[in-house]
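*Asks:* Structure file structure.txt (compact mmCIF, C-alpha atoms) right here:
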```
# COMPACT_ATOMS: atom_id res chain seq x y z
CA MET A 25 11.53 -23.62 3.91
CA ILE A 26 8.38 -21.60 4.46
CA SER A 27 6.48 -22.59 7.57
CA ALA A 28 3.09 -24.15 7.00
CA ARG A 29 1.62 -21.73 9.50
CA ARG A 30 2.66 -18.76 7.40
CA VAL A 31 1.29 -20.30 4.22
CA ARG A 32 -1.99 -20.98 5.99
CA THR A 33 -2.23 -17.31 7.02
CA TRP A 34 -1.61 -16.14 3.45
CA TYR A 35 -4.05 -18.70 2.10
CA ARG A 36 -6.82 -17.57 4.48
CA LEU A 37 -6.12 -13.92 3.68
CA HIS A 38 -6.32 -14.69 -0.04
CA LYS A 39 -9.54 -16.66 0.36
CA TRP A 40 -11.42 -14.15 2.49
CA THR A 41 -10.34 -10.93 0.77
CA SER A 42 -11.17 -12.54 -2.59
CA LEU A 43 -14.57 -13.79 -1.45
CA LEU A 44 -15.53 -10.38 -0.11
CA CYS A 45 -14.60 -8.42 -3.22
CA THR A 46 -15.13 -10.86 -6.12
CA LEU A 47 -18.75 -10.00 -6.88
CA PHE A 48 -18.05 -6.25 -6.95
CA LEU A 49 -14.83 -6.80 -8.86
CA LEU A 50 -16.82 -8.71 -11.48
CA VAL A 51 -19.15 -5.70 -11.81
CA SER A 52 -16.07 -3.46 -12.16
CA CYS A 53 -14.42 -5.66 -14.78
CA LEU A 54 -17.60 -6.19 -16.83
CA THR A 55 -18.60 -2.50 -16.85
CA GLY A 56 -14.96 -1.49 -17.25
CA LEU A 57 -14.64 -3.45 -20.50
CA PRO A 58 -16.87 -1.17 -22.61
CA LEU A 59 -15.72 1.88 -20.61
CA ILE A 60 -12.17 1.38 -21.93
CA PHE A 61 -13.61 2.33 -25.35
CA HIS A 62 -15.81 5.10 -23.91
CA ASP A 63 -14.65 7.77 -26.38
CA GLU A 64 -14.86 5.53 -29.45
CA ILE A 65 -18.36 4.32 -28.52
CA ASP A 66 -19.59 7.87 -27.83
CA HIS A 67 -18.31 9.05 -31.20
CA TRP A 68 -19.93 6.13 -32.91
CA VAL A 69 -23.29 6.50 -31.12
CA SER A 70 -23.63 10.26 -31.61
CA PRO A 71 -21.27 11.56 -34.27
CA THR A 72 -20.90 15.36 -34.21
CA HIS A 73 -19.60 17.62 -36.96
CA PHE A 74 -17.62 20.75 -36.22
CA SER A 75 -16.77 23.77 -38.36
CA GLY A 76 -13.00 23.36 -38.02
CA PRO A 77 -10.11 21.49 -36.42
CA PRO A 78 -9.58 21.25 -32.62
CA VAL A 79 -8.26 24.49 -31.09
CA GLU A 80 -6.63 25.51 -27.85
CA VAL A 81 -8.13 29.02 -27.60
CA PRO A 82 -11.68 29.04 -29.02
CA PRO A 83 -12.33 31.42 -31.96
CA ILE A 84 -15.57 32.61 -30.32
CA SER A 85 -15.21 33.84 -26.74
CA PHE A 86 -16.22 31.75 -23.74
CA GLU A 87 -18.43 34.71 -22.86
CA ARG A 88 -20.37 34.29 -26.12
CA ALA A 89 -21.02 30.61 -25.37
CA VAL A 90 -22.11 31.53 -21.82
CA THR A 91 -24.44 34.27 -23.15
CA VAL A 92 -26.10 31.87 -25.60
CA ALA A 93 -26.44 29.27 -22.84
CA LYS A 94 -28.10 31.84 -20.56
CA GLN A 95 -30.53 32.90 -23.28
CA GLN A 96 -31.53 29.27 -23.69
CA ASN A 97 -31.79 28.69 -19.91
CA PRO A 98 -32.62 32.05 -18.29
CA THR A 99 -33.43 30.54 -14.88
CA LEU A 100 -30.12 28.71 -14.44
CA ARG A 101 -26.76 30.07 -13.29
CA THR A 102 -23.49 29.27 -15.03
CA LEU A 103 -21.21 27.04 -12.96
CA PHE A 104 -18.33 26.42 -15.35
CA VAL A 105 -17.09 26.41 -18.94
CA THR A 106 -14.67 23.81 -20.29
CA MET A 107 -12.83 23.37 -23.56
CA GLU A 108 -12.59 19.92 -25.17
CA GLU A 109 -9.12 18.90 -26.23
CA ASP A 110 -9.71 16.68 -29.26
CA GLU A 111 -12.70 18.61 -30.61
CA PRO A 112 -13.45 22.33 -31.02
CA GLN A 113 -16.19 22.14 -28.41
CA ILE A 114 -17.03 24.47 -25.53
CA ASN A 115 -19.12 23.00 -22.71
CA VAL A 116 -21.19 25.20 -20.40
CA GLY A 117 -22.33 23.67 -17.11
CA MET A 118 -25.44 25.23 -15.55
CA SER A 119 -27.62 24.59 -12.54
CA ALA A 120 -30.27 26.28 -10.40
CA GLY A 121 -28.12 25.58 -7.35
CA LEU A 122 -24.45 25.92 -6.57
CA THR A 123 -23.26 22.45 -7.49
CA PRO A 124 -23.64 20.18 -10.53
CA GLN A 125 -25.11 17.51 -8.20
CA ASP A 126 -28.36 19.47 -8.41
CA LYS A 127 -31.25 17.84 -10.29
CA SER A 128 -31.66 20.99 -12.42
CA ARG A 129 -28.11 20.71 -13.79
CA LYS A 130 -27.61 21.02 -17.50
CA LEU A 131 -24.60 20.63 -19.75
CA LEU A 132 -24.66 22.53 -23.03
CA ALA A 133 -22.15 22.01 -25.82
CA PHE A 134 -21.24 24.60 -28.46
CA ASP A 135 -19.19 24.61 -31.65
CA ALA A 136 -16.14 26.75 -30.78
CA TYR A 137 -16.22 28.33 -34.27
CA THR A 138 -19.91 29.25 -34.60
CA ALA A 139 -21.46 29.03 -31.09
CA ALA A 140 -24.03 26.67 -32.63
CA ASN A 141 -25.49 24.08 -30.26
CA VAL A 142 -23.87 20.69 -30.57
CA THR A 143 -26.13 17.81 -29.57
CA SER A 144 -24.75 16.49 -26.32
CA SER A 145 -26.44 14.05 -24.00
CA GLN A 146 -26.86 15.23 -20.42
CA PRO A 147 -24.33 13.82 -17.93
CA GLY A 148 -25.60 10.55 -16.48
CA GLU A 149 -28.07 9.93 -19.30
CA SER A 150 -26.08 8.11 -21.96
CA LEU A 151 -25.49 4.38 -21.61
CA MET A 152 -21.74 4.97 -21.17
CA ASP A 153 -22.37 7.48 -18.35
CA LYS A 154 -24.71 5.02 -16.62
CA LEU A 155 -22.07 2.29 -16.90
CA LEU A 156 -19.52 4.69 -15.43
CA LEU A 157 -21.80 5.51 -12.48
CA LEU A 158 -22.28 1.78 -11.87
CA HIS A 159 -18.55 1.09 -12.24
CA ARG A 160 -17.52 3.90 -9.94
CA ALA A 161 -20.14 3.89 -7.23
CA LEU A 162 -22.93 1.32 -7.86
CA PHE A 163 -25.17 4.39 -8.47
CA ALA A 164 -24.70 5.35 -4.81
CA GLY A 165 -22.84 8.68 -4.96
CA VAL A 166 -19.85 9.40 -2.77
CA PRO A 167 -20.60 6.59 -0.24
CA GLY A 168 -20.74 4.19 -3.20
CA GLU A 169 -17.39 5.51 -4.45
CA LEU A 170 -15.78 4.90 -1.07
CA PHE A 171 -17.32 1.40 -0.91
CA MET A 172 -15.91 0.51 -4.34
CA GLY A 173 -12.58 1.97 -3.18
CA ALA A 174 -12.65 -0.41 -0.21
CA MET A 175 -13.41 -3.30 -2.59
CA ALA A 176 -10.44 -2.26 -4.74
CA LEU A 177 -8.27 -2.26 -1.60
CA LEU A 178 -9.45 -5.81 -0.77
CA PHE A 179 -8.61 -6.76 -4.36
CA VAL A 180 -5.05 -5.44 -3.92
CA ILE A 181 -4.67 -7.46 -0.68
CA ALA A 182 -6.09 -10.53 -2.46
CA LEU A 183 -3.53 -10.07 -5.26
CA ILE A 184 -0.58 -9.77 -2.88
CA SER A 185 -1.65 -12.74 -0.72
CA GLY A 186 -2.40 -14.67 -3.92
CA ALA A 187 1.13 -14.04 -5.16
CA LEU A 188 2.46 -15.24 -1.78
CA VAL A 189 0.55 -18.55 -1.84
CA TYR A 190 1.46 -19.02 -5.51
CA GLY A 191 5.04 -19.90 -4.53
CA PRO A 192 4.35 -22.78 -2.10
CA PHE A 193 1.73 -24.26 -4.44
CA MET A 194 4.03 -24.05 -7.45
CA ARG A 195 7.26 -25.27 -5.86
CA ARG A 196 7.10 -28.68 -7.52
CA LEU A 197 5.64 -27.47 -10.79
CA ASP A 198 7.11 -25.71 -13.80
CA PHE A 199 5.93 -22.22 -14.65
CA GLY A 200 2.85 -22.37 -16.84
CA THR A 201 1.89 -25.95 -15.98
CA LEU A 202 -1.68 -26.59 -17.16
CA ARG A 203 -2.80 -30.09 -16.15
CA ARG A 204 -5.70 -30.62 -18.49
CA LYS A 205 -6.10 -34.39 -18.19
CA GLN A 206 -6.31 -35.15 -14.46
CA SER A 207 -9.43 -33.25 -13.39
CA ARG A 208 -11.44 -30.22 -14.35
CA ARG A 209 -10.73 -28.62 -10.99
CA LEU A 210 -6.99 -29.08 -11.41
CA HIS A 211 -7.18 -27.52 -14.86
CA TRP A 212 -8.98 -24.43 -13.53
CA PHE A 213 -6.60 -24.27 -10.57
CA ASP A 214 -3.62 -24.15 -12.94
CA LEU A 215 -5.31 -21.60 -15.19
CA HIS A 216 -6.14 -19.43 -12.14
CA ASN A 217 -2.47 -19.55 -11.12
CA LEU A 218 -1.08 -18.87 -14.60
CA LEU A 219 -3.40 -15.99 -15.48
CA GLY A 220 -3.17 -14.56 -11.98
CA ILE A 221 0.62 -14.49 -11.83
CA VAL A 222 1.09 -13.23 -15.43
CA THR A 223 -1.38 -10.34 -15.06
CA LEU A 224 -0.34 -9.61 -11.44
CA CYS A 225 1.51 -6.35 -12.12
CA TRP A 226 -1.24 -4.92 -14.35
CA ALA A 227 -3.96 -5.90 -11.86
CA LEU A 228 -2.01 -4.39 -8.94
CA ILE A 229 -1.60 -1.08 -10.78
CA VAL A 230 -5.24 -0.91 -11.91
CA GLY A 231 -6.44 -1.96 -8.44
CA ALA A 232 -4.25 0.54 -6.57
CA THR A 233 -5.14 3.40 -8.94
CA GLY A 234 -8.79 2.39 -8.50
CA VAL A 235 -8.38 2.95 -4.75
CA MET A 236 -6.84 6.38 -5.48
CA ASN A 237 -9.64 7.38 -7.85
CA ALA A 238 -12.26 6.39 -5.29
CA LEU A 239 -10.68 8.86 -2.88
CA SER A 240 -10.87 11.82 -5.29
CA THR A 241 -13.86 13.50 -3.60
CA PRO A 242 -12.37 13.55 -0.07
CA LEU A 243 -8.91 14.44 -1.42
CA PHE A 244 -10.23 17.50 -3.28
CA ALA A 245 -12.25 18.50 -0.22
CA MET A 246 -9.02 18.22 1.79
CA TRP A 247 -7.16 20.46 -0.67
CA ARG A 248 -9.93 23.08 -0.60
CA ALA A 249 -9.99 23.01 3.19
CA THR A 250 -6.27 23.82 3.33
CA ALA A 251 -5.91 26.18 0.35
CA VAL A 252 -9.05 28.31 0.43
CA PRO A 253 -9.24 29.71 4.01
CA GLN A 254 -5.85 31.50 3.87
CA LEU A 255 -6.79 32.89 0.46
CA LEU A 256 -10.09 34.26 1.77
CA ALA A 257 -8.59 35.93 4.85
CA SER A 258 -8.24 39.26 3.02
CA TYR A 259 -11.85 39.12 1.79
CA ALA A 260 -13.33 38.61 5.25
CA ASN A 261 -15.71 41.56 5.25
CA LYS A 262 -16.37 41.93 1.54
CA PRO A 263 -19.65 40.85 -0.08
CA PRO A 264 -19.43 38.27 -2.89
CA ALA A 265 -18.09 39.65 -6.19
CA GLN A 266 -20.77 41.76 -7.93
CA LYS A 267 -19.43 43.13 -11.23
CA ILE A 268 -17.40 40.23 -12.48
CA ILE A 269 -14.94 40.00 -15.36
CA THR A 270 -15.61 37.68 -18.31
CA PRO A 271 -14.36 34.08 -18.23
CA ASP A 272 -12.09 35.01 -21.16
CA GLN A 273 -10.39 37.71 -19.06
CA ALA A 274 -9.93 35.18 -16.26
CA ALA A 275 -8.45 32.68 -18.75
CA ASP A 276 -6.09 35.35 -20.13
CA ALA A 277 -4.92 36.26 -16.63
CA ALA A 278 -4.12 32.58 -15.99
CA ARG A 279 -2.30 32.30 -19.34
CA ARG A 280 -0.19 35.36 -18.47
CA ALA A 281 0.67 33.89 -15.05
CA LEU A 282 1.53 30.46 -16.50
CA PRO A 283 2.48 30.98 -20.16
CA GLN A 284 3.57 27.35 -20.68
CA MET A 285 0.17 25.98 -19.62
CA LYS A 286 -3.08 25.31 -21.49
CA VAL A 287 -6.41 26.50 -20.08
CA THR A 288 -8.87 23.60 -19.94
CA GLY A 289 -11.73 24.91 -17.82
CA ILE A 290 -13.02 27.87 -15.83
CA ILE A 291 -15.20 27.60 -12.74
CA PHE A 292 -17.29 30.69 -12.00
CA PRO A 293 -17.17 32.41 -8.58
CA ASN A 294 -19.07 30.10 -6.28
CA PRO A 295 -18.56 29.46 -2.55
CA ILE A 296 -18.72 25.66 -3.02
CA MET A 297 -16.79 24.95 -6.21
CA SER A 298 -14.39 27.92 -6.18
CA THR A 299 -14.73 30.88 -3.81
CA ALA A 300 -17.35 33.65 -3.89
CA HIS A 301 -14.61 36.06 -5.01
CA HIS A 302 -12.61 34.08 -7.56
CA PHE A 303 -12.74 32.36 -10.88
CA LEU A 304 -10.97 28.99 -10.61
CA VAL A 305 -9.10 28.40 -13.86
CA TYR A 306 -7.78 24.90 -14.54
CA THR A 307 -4.57 24.72 -16.55
CA LYS A 308 -2.38 21.81 -17.59
CA GLY A 309 1.02 21.25 -19.20
CA ARG A 310 1.81 20.18 -22.75
CA THR A 311 4.19 17.21 -22.44
CA PRO A 312 2.86 13.64 -22.09
CA VAL A 313 3.47 13.73 -18.33
CA THR A 314 2.60 17.34 -17.49
CA SER A 315 -0.61 17.17 -19.56
CA ARG A 316 -1.84 14.88 -16.76
CA LEU A 317 -0.98 17.42 -14.07
CA PHE A 318 -3.34 20.34 -13.54
CA THR A 319 -2.45 23.62 -11.87
CA PRO A 320 -5.37 25.59 -10.44
CA VAL A 321 -5.24 29.37 -10.85
CA LEU A 322 -7.50 31.56 -8.73
CA VAL A 323 -8.31 34.88 -10.40
CA ASP A 324 -10.01 37.73 -8.52
CA ALA A 325 -13.44 38.04 -10.15
CA GLU A 326 -13.55 41.85 -9.89
CA THR A 327 -9.96 42.95 -10.52
CA GLY A 328 -8.74 40.10 -12.74
CA GLN A 329 -5.61 39.77 -10.55
CA VAL A 330 -4.15 36.29 -10.12
CA ALA A 331 -4.53 35.43 -6.43
CA MET A 332 -2.96 31.97 -6.51
CA ALA A 333 -1.22 29.83 -9.14
CA LYS A 334 0.33 26.96 -7.23
CA PRO A 335 0.57 23.30 -8.30
CA PHE A 336 -1.62 20.88 -6.37
CA PRO A 337 -0.09 19.11 -3.33
CA TRP A 338 1.41 15.63 -3.77
CA TYR A 339 -1.77 13.72 -2.93
CA ILE A 340 -3.75 15.38 -5.74
CA ARG A 341 -0.80 14.89 -8.14
CA THR A 342 -0.74 11.18 -7.25
CA LEU A 343 -4.45 11.06 -7.99
CA GLU A 344 -3.94 12.81 -11.35
CA VAL A 345 -1.27 10.34 -12.44
CA SER A 346 -3.46 7.48 -11.20
CA ARG A 347 -6.23 8.29 -13.66
CA PRO A 348 -4.59 7.28 -16.95
CA LEU A 349 -3.07 4.20 -15.30
CA HIS A 350 -6.57 3.11 -14.32
CA PHE A 351 -8.36 3.95 -17.58
CA GLY A 352 -5.64 2.85 -20.05
CA ASP A 353 -6.46 5.83 -22.26
CA TYR A 354 -2.93 7.15 -22.62
CA GLY A 355 -1.40 5.16 -25.47
CA GLY A 356 -3.80 5.12 -28.38
CA LEU A 357 -6.23 2.42 -29.49
CA PRO A 358 -3.68 -0.47 -29.31
CA LEU A 359 -3.19 0.21 -25.58
CA LYS A 360 -6.97 0.16 -25.09
CA VAL A 361 -7.16 -3.22 -26.84
CA ILE A 362 -4.34 -4.52 -24.59
CA TRP A 363 -6.22 -3.10 -21.55
CA SER A 364 -9.37 -4.98 -22.56
CA LEU A 365 -7.45 -8.27 -22.95
CA PHE A 366 -5.92 -7.88 -19.47
CA ASP A 367 -9.43 -7.13 -18.22
CA VAL A 368 -10.77 -10.34 -19.80
CA ALA A 369 -7.88 -12.30 -18.22
CA THR A 370 -8.83 -10.79 -14.82
CA ILE A 371 -12.47 -11.83 -15.34
CA ILE A 372 -11.27 -15.41 -15.97
CA VAL A 373 -9.17 -15.28 -12.78
CA LEU A 374 -12.21 -14.09 -10.79
CA LEU A 375 -14.55 -16.70 -12.27
CA SER A 376 -12.05 -19.53 -11.82
CA GLY A 377 -11.55 -18.35 -8.24
CA ILE A 378 -15.30 -18.62 -7.61
CA TYR A 379 -15.35 -22.05 -9.28
CA LEU A 380 -12.44 -23.27 -7.15
CA TRP A 381 -14.19 -22.12 -4.00
CA LEU A 382 -17.56 -23.66 -4.96
CA SER A 383 -16.00 -26.97 -5.99
CA ARG A 384 -13.78 -27.19 -2.91
CA ARG A 385 -13.26 -30.74 -1.77
CA ARG A 386 -14.51 -32.31 1.38
CA THR A 387 -10.98 -32.18 2.72
CA PRO A 388 -10.15 -28.63 1.78
CA VAL A 389 -6.66 -27.32 1.49
CA GLU A 390 -7.07 -25.60 4.83
CA ASP A 391 -7.63 -28.86 6.74
CA GLU A 392 -4.54 -30.18 5.07
CA LEU A 393 -2.63 -27.06 6.09
CA ASP A 394 -3.91 -27.42 9.67
CA LYS A 395 -2.55 -30.96 9.76
CA LEU A 396 0.80 -29.74 8.48
CA VAL A 397 0.91 -27.00 11.12
CA HIS A 398 0.24 -29.54 13.87
CA ARG A 399 2.82 -31.93 12.51
CA GLU A 400 5.34 -29.12 12.23
CA GLU A 401 4.74 -27.98 15.78
CA SER A 402 4.77 -31.45 17.32
CA SER A 403 7.81 -32.79 15.52
CA THR A 404 11.28 -31.36 15.71
CA GLY A 405 11.83 -30.99 11.99
CA PRO A 406 9.70 -28.93 9.67
CA ALA A 407 7.09 -30.67 7.56
CA SER A 408 7.35 -30.23 3.87
CA LEU A 409 4.45 -28.75 2.06
CA ARG A 410 3.00 -30.68 -0.78
CA ALA A 411 1.62 -29.02 -3.87
CA HIS A 412 -2.10 -29.01 -3.44
CA ALA A 413 -5.14 -28.52 -5.51
CA MET B 22 16.49 -34.28 8.82
CA THR B 23 17.73 -32.05 6.01
CA GLN B 24 16.11 -28.65 5.75
CA ARG B 25 15.54 -27.75 2.11
CA ARG B 26 15.40 -24.11 1.12
CA PHE B 27 12.33 -22.84 -0.68
CA PRO B 28 13.33 -22.55 -4.38
CA PHE B 29 12.33 -18.87 -4.54
CA LEU B 30 14.06 -18.02 -7.81
CA LYS B 31 12.88 -21.15 -9.60
CA VAL B 32 9.27 -20.47 -8.66
CA TYR B 33 9.15 -16.69 -8.98
CA CYS B 34 11.71 -15.99 -11.73
CA ALA B 35 9.18 -15.87 -14.59
CA ALA B 36 6.73 -13.84 -12.49
CA ILE B 37 9.37 -11.21 -11.66
CA ILE B 38 10.52 -10.86 -15.28
CA LEU B 39 6.91 -10.53 -16.50
CA ALA B 40 6.11 -7.98 -13.79
CA ALA B 41 9.15 -5.89 -14.79
CA ILE B 42 8.16 -6.01 -18.48
CA THR B 43 4.56 -5.04 -17.60
CA LEU B 44 5.72 -2.15 -15.42
CA TYR B 45 7.97 -0.89 -18.21
CA GLY B 46 5.05 -1.11 -20.66
CA LEU B 47 2.70 0.75 -18.34
CA LEU B 48 5.15 3.60 -17.73
CA SER B 49 6.53 3.90 -21.26
CA ALA B 50 3.26 5.16 -22.76
CA LEU B 51 2.86 7.54 -19.83
CA LEU B 52 6.28 9.15 -20.23
CA GLY B 53 6.24 9.75 -23.98
CA ASN B 54 4.38 9.53 -27.26
CA GLY B 55 5.15 7.94 -30.62
CA LEU B 56 7.94 5.41 -30.16
CA TRP B 57 7.29 5.28 -26.41
CA ASP B 58 3.71 4.21 -27.11
CA ALA B 59 4.85 1.55 -29.57
CA ALA B 60 7.38 0.24 -27.02
CA SER B 61 4.56 0.07 -24.48
CA TRP B 62 2.32 -1.97 -26.82
CA CYS B 63 5.14 -4.44 -27.50
CA ALA B 64 6.03 -4.80 -23.82
CA LEU B 65 2.43 -5.30 -22.68
CA ALA B 66 1.77 -7.80 -25.48
CA ILE B 67 4.45 -10.11 -24.01
CA PRO B 68 2.51 -11.29 -20.91
CA LEU B 69 -0.61 -11.78 -23.05
CA CYS B 70 1.39 -13.85 -25.56
CA VAL B 71 2.84 -15.91 -22.69
CA ILE B 72 -0.69 -16.85 -21.57
CA ILE B 73 -1.75 -17.78 -25.10
CA ALA B 74 1.45 -19.78 -25.67
CA TYR B 75 0.99 -21.91 -22.53
CA VAL B 76 -2.71 -22.49 -23.17
CA VAL B 77 -2.01 -23.55 -26.77
CA LYS B 78 0.83 -25.79 -25.55
CA SER B 79 -1.45 -27.52 -23.06
CA TYR B 80 -3.88 -28.38 -25.85
CA GLN B 81 -1.14 -29.60 -28.18
CA LYS B 82 0.13 -32.19 -25.70
CA THR B 83 -1.72 -35.39 -26.40
```
Take the structure from the file and write it as structure tokens.
*Replies:*
Amino acid sequence: MISARRVRTWYRLHKWTSLLCTLFLLVSCLTGLPLIFHDEIDHWVSPTHFSGPPVEVPPISFERAVTVAKQQNPTLRTLFVTMEEDEPQINVGMSAGLTPQDKSRKLLAFDAYTAANVTSSQPGESLMDKLLLLHRALFAGVPGELFMGAMALLFVIALISGALVYGPFMRRLDFGTLRRKQSRRLHWFDLHNLLGIVTLCWALIVGATGVMNALSTPLFAMWRATAVPQLLASYANKPPAQKIITPDQAADAARRALPQMKVTGIIFPNPIMSTAHHFLVYTKGRTPVTSRLFTPVLVDAETGQVAMAKPFPWYIRTLEVSRPLHFGDYGGLPLKVIWSLFDVATIIVLLSGIYLWLSRRRTPVEDELDKLVHREESSTGPASLRAHA
Amino acid sequence: MTQRRFPFLKVYCAAIILAAITLYGLLSALLGNGLWDAASWCALAIPLCVIIAYVVKSYQKT
């Protein structure tokens, strides 16, 4: 027998955490639906044609792409180059300042075979990017990200407390009971319970990985704060790197240090994004699991020596594995379709939850639970809990 | 007064099985490609089919 008092606590927890996060969760679910098909929609909206198949090491050098980018934008400095995985495309990120948060930022895309410009919309401009900014942070930058992370945490608590109250409410009913005839409210109540309990595991994983993703900015700041100072100790009195090696030399140094890894991006020496003395080369593995795990390699910008090639600490690795589990982009198009159906089911759970709250009866479940608690505490035997709706 | 135990297994049995199947489906595609992906699609389709089956059943009952 579960005490009525305990059920009442779970019920209140479920009600209040749900009420607080539902509106923002609805925004997340609705914007998340098209975002699942982000890549497909982008390809469809702006199809690009390349001169050859996808490559790991670009036929033209990164340096050539950077040189062309500089000729086209002489006032901007190069922040990073990245290599696309499923297309032979080199991206060059530029800005007047030291970070890509700058208003002057620009992202240029080049064909990795010809160095020809590939039309690419600027980050934050395409409809999909705007949806992503809304989904991730309500257009409010890092504070918005942390807020949405808190909402995701409330969602996880609502899911757990919801699963706990599911039991007492379902004790007299068979799994999957949908009472369509009695009342509309009862029908929605049953549907809320069925959809909620069946999608529970998926929703918990997507909610928890959503919390992780929201913490990515502070987690990376934490890693930099622990990894960079010890690295810079030996550079204490040196000026920032003057004559720097090419990004291709930095990439080669990283490939020699970690021959089993793929180079995916190179951040230029920069006291905010890397260090003033190092290229930061991002590498990743080749198996389904290790291709999610990046290893940063710091390469001395003057000598080309590898200064550090250490896997990220556990908290960044957790974050890296969280990403696919949140986006559903790791098992082909069928998985994306499945992801969207779970998302629709979650939207129905949220809407039915709002409906159940708005159409609550004059004697709400809570009053009933209060009565049961009193009865339980005043009598010697425990009161049995009736299935309520 | 007889104290009846809460029928935990009766109430949560289906939920636990579905959660285990979902978890397997979510991890399978992460750990491998090809057959692992296909196994993931099949596993994750089960909870969705369960929902559809019960909704259809509720409309069939007259």
*Asks:* Using all atoms listed in the file, find the residues of chain B whose closest atom to chain A is at most 8 Å away, then write them as a PyMOL selection string.
*Replies:* chain B and resi 22+24-29+31-33+35-36+39-40+43-44+47+50-54+58+61-62+65-66+68-69+71-72+75-76+79-80
*Asks:* Might you pull out every residue within 9 Å of stretch 255-265 of chain A, with only C-alpha atoms counted and same-chain residues fewer than 3 positions away left off, and present them as a PDB file with C-alpha atoms, keeping the file's coordinate frame?
*Replies:*
```
ATOM      1  CA  ALA A 251      -5.910  26.180   0.350  1.00  0.00           C
ATOM      2  CA  VAL A 252      -9.050  28.310   0.430  1.00  0.00           C
ATOM      3  CA  ILE A 268     -17.400  40.230 -12.480  1.00  0.00           C
ATOM      4  CA  PRO A 293     -17.170  32.410  -8.580  1.00  0.00           C
ATOM      5  CA  ASN A 294     -19.070  30.100  -6.280  1.00  0.00           C
ATOM      6  CA  PRO A 295     -18.560  29.460  -2.550  1.00  0.00           C
ATOM      7  CA  THR A 299     -14.730  30.880  -3.810  1.00  0.00           C
ATOM      8  CA  ALA A 300     -17.350  33.650  -3.890  1.00  0.00           C
ATOM      9  CA  HIS A 301     -14.610  36.060  -5.010  1.00  0.00           C
ATOM     10  CA  HIS A 302     -12.610  34.080  -7.560  1.00  0.00           C
ATOM     11  CA  ASP A 324     -10.010  37.730  -8.520  1.00  0.00           C
ATOM     12  CA  ALA A 325     -13.440  38.040 -10.150  1.00  0.00           C
ATOM     13  CA  GLU A 326     -13.550  41.850  -9.890  1.00  0.00           C
ATOM     14  CA  ALA A 331      -4.530  35.430  -6.430  1.00  0.00           C
ATOM     15  CA  MET A 332      -2.960  31.970  -6.510  1.00  0.00           C
TER      16      MET A 332
END
```
*Asks:* Kindly indicate which residue among B:Ile38, B:Gln81, B:Gly55, B:Leu48 lies nearest to B:Ile67, using all atoms listed in the file for the distances.
*Replies:* B:Ile38
*Asks:* Atom CA of A:Ile84 to atom CA of A:Thr72: how many Å, to one decimal?
*Replies:*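 Separation of atom CA of A:Ile84 and atom CA of A:Thr72: 18.5 Å.
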*Asks:* Could you check how far atom CA of A:Ile65 sits from atom CA of A:Asp153, in Å to one decimal?
*Replies:*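 Calculated distance between atom CA of A:Ile65 and atom CA of A:Asp153 is 11.4 Å.
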*Asks:* Could you list, as a PyMOL selection string, every residue within 12 Å of A:Leu151, counting all atoms listed in the file and ignoring same-chain residues fewer than 4 positions away?
*Replies:* chain A and resi 55+58-59+62+65-66+69-70+145-147+155-158
*Asks:* Could you give me, as a list in words, the residues within 9 Å of B:Ala60, counting all atoms listed in the file and dropping anything in the same chain fewer than 6 positions from it?
*Replies:*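 Counting only the stated atoms, we get Tyr45, Gly46, Ser49 and Ala50 of chain B.
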*Asks:* So how many Å separate atom CA of A:Asp367 and atom CA of A:Glu109, to one decimal?
*Replies:*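 Taking atom CA of A:Asp367 as the start and atom CA of A:Glu109 as the end point, the length is 27.2 Å.
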*Asks:* Considering only C-alpha atoms, return as a CSV table (one decimal) with C-alpha atoms, in the coordinates of the input whatever protein or nucleic-acid residues lie within 9 Å of A:Glu108, sequence-local ones (same chain, fewer than 6 positions apart) excluded.
*Replies:*
```
chain,number,residue,atom,x,y,z
A,78,PRO,CA,-9.6,21.2,-32.6
A,79,VAL,CA,-8.3,24.5,-31.1
A,80,GLU,CA,-6.6,25.5,-27.8
A,114,ILE,CA,-17.0,24.5,-25.5
A,115,ASN,CA,-19.1,23.0,-22.7
A,288,THR,CA,-8.9,23.6,-19.9
A,289,GLY,CA,-11.7,24.9,-17.8
```
*Asks:* Near A:Trp40, within 12 Å and counting only C-alpha atoms, which residues show up once chain neighbours fewer than 3 positions away are dropped, as number ranges by chain?
*Replies:* A: 33-37, 43-46, 178-179, 181-183, 185-186, 377-378, 381
*Asks:* Counting all atoms listed in the file, which residue out of A:Tyr379, A:Phe244, A:Phe48, A:Phe351 sits closest to A:Pro320?
*Replies:* A:Phe244
